[in-house]
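Novice: The structure is given below, and queries will be raised subsequently.
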Amino acid sequence: MGDMGAVYRTAMEWLYIVCIVLAAVAMVVITIIIPYGVFMRYAVNSAASWPEPAGILMMIVFSFIGGAAAYRANAHLKVGTLL
(Lines give C-alpha, C1' and ligand atoms only; values in the text may rest on other atoms or scores of the structure.)
Protein backbone atom coordinates (compact mmCIF):
# COMPACT_ATOMS: atom_id res chain seq x y z
CA MET A 1 0.00 0.00 0.00
CA GLY A 2 2.93 2.34 0.65
CA ASP A 3 3.99 2.00 -2.99
CA MET A 4 0.66 3.49 -4.14
CA GLY A 5 1.41 6.61 -2.11
CA ALA A 6 4.69 7.08 -3.94
CA VAL A 7 2.97 6.56 -7.29
CA TYR A 8 0.30 9.11 -6.35
CA ARG A 9 2.90 11.69 -5.26
CA THR A 10 4.85 11.19 -8.49
CA ALA A 11 1.68 11.55 -10.57
CA MET A 12 0.72 14.74 -8.73
CA GLU A 13 4.23 16.15 -9.24
CA TRP A 14 3.98 15.51 -12.98
CA LEU A 15 0.49 17.04 -13.08
CA TYR A 16 1.91 20.12 -11.32
CA ILE A 17 4.67 20.42 -13.94
CA VAL A 18 2.13 20.03 -16.76
CA CYS A 19 0.02 22.81 -15.22
CA ILE A 20 3.04 25.13 -15.09
CA VAL A 21 3.91 24.37 -18.72
CA LEU A 22 0.30 24.92 -19.89
CA ALA A 23 0.10 28.23 -18.05
CA ALA A 24 3.40 29.35 -19.56
CA VAL A 25 2.30 28.34 -23.07
CA ALA A 26 -0.97 30.23 -22.60
CA MET A 27 0.96 33.37 -21.60
CA VAL A 28 3.27 33.06 -24.62
CA VAL A 29 0.28 32.62 -26.94
CA ILE A 30 -1.35 35.73 -25.46
CA THR A 31 1.87 37.65 -25.97
CA ILE A 32 1.93 36.67 -29.63
CA ILE A 33 -1.70 36.96 -30.71
CA ILE A 34 -2.69 40.26 -29.07
CA PRO A 35 0.02 42.30 -30.89
CA TYR A 36 -0.93 40.43 -34.08
CA GLY A 37 -4.53 41.58 -33.66
CA VAL A 38 -3.44 45.16 -33.06
CA PHE A 39 -1.15 45.08 -36.09
CA MET A 40 -3.89 43.68 -38.32
CA ARG A 41 -6.40 46.26 -37.12
CA TYR A 42 -4.28 49.41 -37.31
CA ALA A 43 -1.45 48.72 -39.76
CA VAL A 44 -3.17 46.50 -42.30
CA ASN A 45 -6.64 47.98 -41.72
CA SER A 46 -8.19 44.51 -41.84
CA ALA A 47 -9.19 43.37 -38.37
CA ALA A 48 -8.94 39.65 -37.64
CA SER A 49 -11.91 38.34 -35.68
CA TRP A 50 -10.16 35.63 -33.67
CA PRO A 51 -7.29 37.23 -31.64
CA GLU A 52 -9.45 38.83 -28.96
CA PRO A 53 -11.59 35.76 -28.14
CA ALA A 54 -8.49 33.55 -28.29
CA GLY A 55 -6.67 35.93 -25.93
CA ILE A 56 -9.58 35.80 -23.49
CA LEU A 57 -9.61 32.00 -23.64
CA MET A 58 -5.86 31.86 -23.04
CA MET A 59 -6.21 34.22 -20.06
CA ILE A 60 -8.84 31.91 -18.58
CA VAL A 61 -6.52 28.92 -19.07
CA PHE A 62 -3.63 30.87 -17.54
CA SER A 63 -5.70 32.02 -14.57
CA PHE A 64 -7.25 28.69 -13.63
CA ILE A 65 -4.38 26.33 -14.39
CA GLY A 66 -1.69 28.75 -13.24
CA GLY A 67 -3.71 29.45 -10.10
CA ALA A 68 -3.89 25.74 -9.33
CA ALA A 69 -0.12 25.42 -9.74
CA ALA A 70 0.49 28.50 -7.57
CA TYR A 71 -1.80 27.09 -4.87
CA ARG A 72 0.09 23.80 -4.87
CA ALA A 73 3.41 25.65 -4.59
CA ASN A 74 1.94 27.67 -1.70
CA ALA A 75 2.72 30.82 -3.68
CA HIS A 76 -0.80 32.24 -3.78
CA LEU A 77 -1.88 35.44 -2.11
CA LYS A 78 -3.56 35.08 1.23
CA VAL A 79 -6.00 37.74 2.40
CA GLY A 80 -7.10 37.74 6.00
CA THR A 81 -10.54 39.23 6.49
CA LEU A 82 -11.49 38.15 9.99
CA LEU A 83 -9.08 37.22 12.73
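Following the order of the C-alpha coordinates, first chain is A, next is B, and so on, with residues numbered from 1 inside each chain and ligands from 1 in the order they appear.
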Skip Met58 of chain A itself and residues of its chain fewer than 2 positions away, then list as a list of chain:residue names all residues within 12 Å of it, counting only C-alpha atoms.

Specialist: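 So, after excluding close chain neighbours, the residues are A:Leu22, A:Ala23, A:Ala24, A:Val25, A:Ala26, A:Met27, A:Val28, A:Val29, A:Ile30, A:Thr31, A:Ile32, A:Ile33, A:Ile34, A:Pro51, A:Glu52, A:Pro53, A:Ala54, A:Gly55, A:Ile56, A:Ile60, A:Val61, A:Phe62, A:Ser63, A:Phe64, A:Ile65, A:Gly66.
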
Novice: Find, counting only C-alpha atoms, the residue in A:Ala48, A:Arg41, A:Ile20, A:Pro35 that gets nearest to Tyr71 of chain A.

Specialist: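 The closest residue to Tyr71 of chain A is A:Ile20.
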
Novice: Quick check, in Å to one decimal: how far apart do atom CA of Val79 of chain A and atom CA of Cys19 of chain A lie?

Specialist: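 Pair atom CA of Val79 of chain A / atom CA of Cys19 of chain A returns 23.9 Å.
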
Novice: Report, in Å to a single decimal, how far apart atom CA of His76 of chain A and atom CA of Leu15 of chain A are.

Specialist: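 Going from atom CA of Leu15 of chain A over to atom CA of His76 of chain A covers 17.9 Å.
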
Novice: Please give the complete set of residues from chain A that DSSP, run on the backbone, assigns to alpha helix (DSSP H), formatted as a count of residues only.

Specialist: 63
